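J.: Let me give you the structure first, and then I'll get to my questions.
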Amino acid sequence: MARRITIYYLVAVMFIIGIAPRVEAAFMPSQAITLSSGERAADVQKIQTVLEMKLVKQRLLDLGFSPEEIQSRVSEMSDQQIHSFAQKLDDLKVGQDGLGIVIAILVIVLLVILIINLTSGKKVVVTQ
């Protein structure tokens, strides 16, 4: 019985280790981050497409910003500001990571069922 529990435990641990993303990080001074003209143009284009959306344009007009004023402010931004703003726009998309949340919930439910099956002699049966 102990051997069987150990095997299930190791399978669960290897599964969790296998799905964990590999992350590599390093310190980099902010002065070393420079954007090429192509990257800046791509970021500006991303900002322009968001600013041209009907809801965003209407909200900016409601706040008192004219289209010319918005364009002048975007052109005055530095490379780092434009890049940071473009990256933050990707995070604002609605429903961007819904699939990841569903998968995480399913994995948690399966682990709870596995733990219940291993610790008690009773079986968990899911019916439709």
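How things are named: the first chain in the structure tokens is A, the next is B, and so on; residues count from 1 in each chain; ligands count from 1 in the order shown.
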Counting only C-alpha atoms, what is within 10 Å of segment 114-121 of chain A, bar same-chain residues fewer than 3 positions away, as an MDAnalysis selection string?
T.: chainID A and resid 1 4:5 8:9 12 108:111 124
J.: Produce a file of the selected residues containing N, CA, C and O atoms, as a PDB file, in the first residue's frame.
T.:
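Resulting contents of out03.pdb:
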```
ATOM      1  N   MET A   1       0.826  -1.190   0.000  1.00  0.00           N
ATOM      2  CA  MET A   1       0.000   0.000   0.000  1.00  0.00           C
ATOM      3  C   MET A   1       0.877   1.263   0.000  1.00  0.00           C
ATOM      4  O   MET A   1       0.583   2.213  -0.714  1.00  0.00           O
ATOM      5  N   ARG A   4       2.351   1.909  -3.406  1.00  0.00           N
ATOM      6  CA  ARG A   4       1.375   2.440  -4.343  1.00  0.00           C
ATOM      7  C   ARG A   4       1.169   3.947  -4.117  1.00  0.00           C
ATOM      8  O   ARG A   4       1.109   4.723  -5.071  1.00  0.00           O
ATOM      9  N   ILE A   5       1.104   4.360  -2.864  1.00  0.00           N
ATOM     10  CA  ILE A   5       0.943   5.777  -2.551  1.00  0.00           C
ATOM     11  C   ILE A   5       2.172   6.558  -3.012  1.00  0.00           C
ATOM     12  O   ILE A   5       2.060   7.649  -3.571  1.00  0.00           O
ATOM     13  N   TYR A   8       1.969   7.027  -6.791  1.00  0.00           N
ATOM     14  CA  TYR A   8       1.014   8.079  -7.159  1.00  0.00           C
ATOM     15  C   TYR A   8       1.563   9.460  -6.820  1.00  0.00           C
ATOM     16  O   TYR A   8       1.393  10.417  -7.582  1.00  0.00           O
ATOM     17  N   TYR A   9       2.218   9.551  -5.696  1.00  0.00           N
ATOM     18  CA  TYR A   9       2.806  10.827  -5.292  1.00  0.00           C
ATOM     19  C   TYR A   9       3.872  11.264  -6.296  1.00  0.00           C
ATOM     20  O   TYR A   9       3.910  12.424  -6.722  1.00  0.00           O
ATOM     21  N   ALA A  12       2.288  12.444  -9.542  1.00  0.00           N
ATOM     22  CA  ALA A  12       1.714  13.781  -9.401  1.00  0.00           C
ATOM     23  C   ALA A  12       2.806  14.847  -9.381  1.00  0.00           C
ATOM     24  O   ALA A  12       2.682  15.898 -10.020  1.00  0.00           O
ATOM     25  N   ILE A 108      -6.611  21.107 -10.450  1.00  0.00           N
ATOM     26  CA  ILE A 108      -6.840  21.130  -9.005  1.00  0.00           C
ATOM     27  C   ILE A 108      -7.928  20.138  -8.618  1.00  0.00           C
ATOM     28  O   ILE A 108      -7.779  19.395  -7.642  1.00  0.00           O
ATOM     29  N   VAL A 109      -9.011  20.081  -9.381  1.00  0.00           N
ATOM     30  CA  VAL A 109     -10.097  19.130  -9.089  1.00  0.00           C
ATOM     31  C   VAL A 109      -9.587  17.695  -9.195  1.00  0.00           C
ATOM     32  O   VAL A 109      -9.879  16.854  -8.327  1.00  0.00           O
ATOM     33  N   LEU A 110      -8.817  17.404 -10.226  1.00  0.00           N
ATOM     34  CA  LEU A 110      -8.278  16.046 -10.379  1.00  0.00           C
ATOM     35  C   LEU A 110      -7.332  15.687  -9.239  1.00  0.00           C
ATOM     36  O   LEU A 110      -7.331  14.545  -8.754  1.00  0.00           O
ATOM     37  N   LEU A 111      -6.522  16.638  -8.797  1.00  0.00           N
ATOM     38  CA  LEU A 111      -5.626  16.359  -7.670  1.00  0.00           C
ATOM     39  C   LEU A 111      -6.400  16.126  -6.379  1.00  0.00           C
ATOM     40  O   LEU A 111      -6.036  15.231  -5.594  1.00  0.00           O
ATOM     41  N   VAL A 124     -14.444   8.078  -5.383  1.00  0.00           N
ATOM     42  CA  VAL A 124     -15.218   9.239  -5.803  1.00  0.00           C
ATOM     43  C   VAL A 124     -15.707   8.962  -7.195  1.00  0.00           C
ATOM     44  O   VAL A 124     -14.938   8.708  -8.121  1.00  0.00           O
TER      45      VAL A 124
END
```
J.: I'd like a table as a Markdown table: residues in segment 32-126 of chain A with an atom no more than 12 Å from segment 19-26 of chain A, each row giving the shortest atom pair and its distance in Å to one decimal, only C-alpha atoms counted, sorted by chain and rising residue number.
T.:
```
| residue | atom | partner | partner_atom | distance |
| --- | --- | --- | --- | --- |
| A:Gly100 | CA | A:Ile19 | CA | 11.7 |
| A:Ile103 | CA | A:Ile19 | CA | 11.2 |
| A:Ala104 | CA | A:Ile19 | CA | 10.6 |
| A:Val107 | CA | A:Ile19 | CA | 10.8 |
```
J.: Which one is closest to Ser78 of chain A: A:Leu99, A:Leu51, A:Val44, A:Val13? Count only C-alpha atoms.
T.: A:Val44
J.: Enumerate, as a PyMOL selection string, the complete set of residues in chain A that a backbone-based DSSP assignment places in helix (DSSP H, G or I).
T.: chain A and resi 2-19+30-32+37-51+54-62+67-76+79-91+98-119
J.: Could you state the separation of atom CA of Ile82 of chain A and atom CA of Thr49 of chain A in Å, given to one decimal place?
T.: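 Separating atom CA of Ile82 of chain A from atom CA of Thr49 of chain A is a distance of 13.6 Å.
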J.: Rounded to one decimal, what separation in Å do you get between atom CA of Leu10 of chain A and atom CA of Val126 of chain A?
T.: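 Result for atom CA of Leu10 of chain A versus atom CA of Val126 of chain A: 24.6 Å, one decimal.
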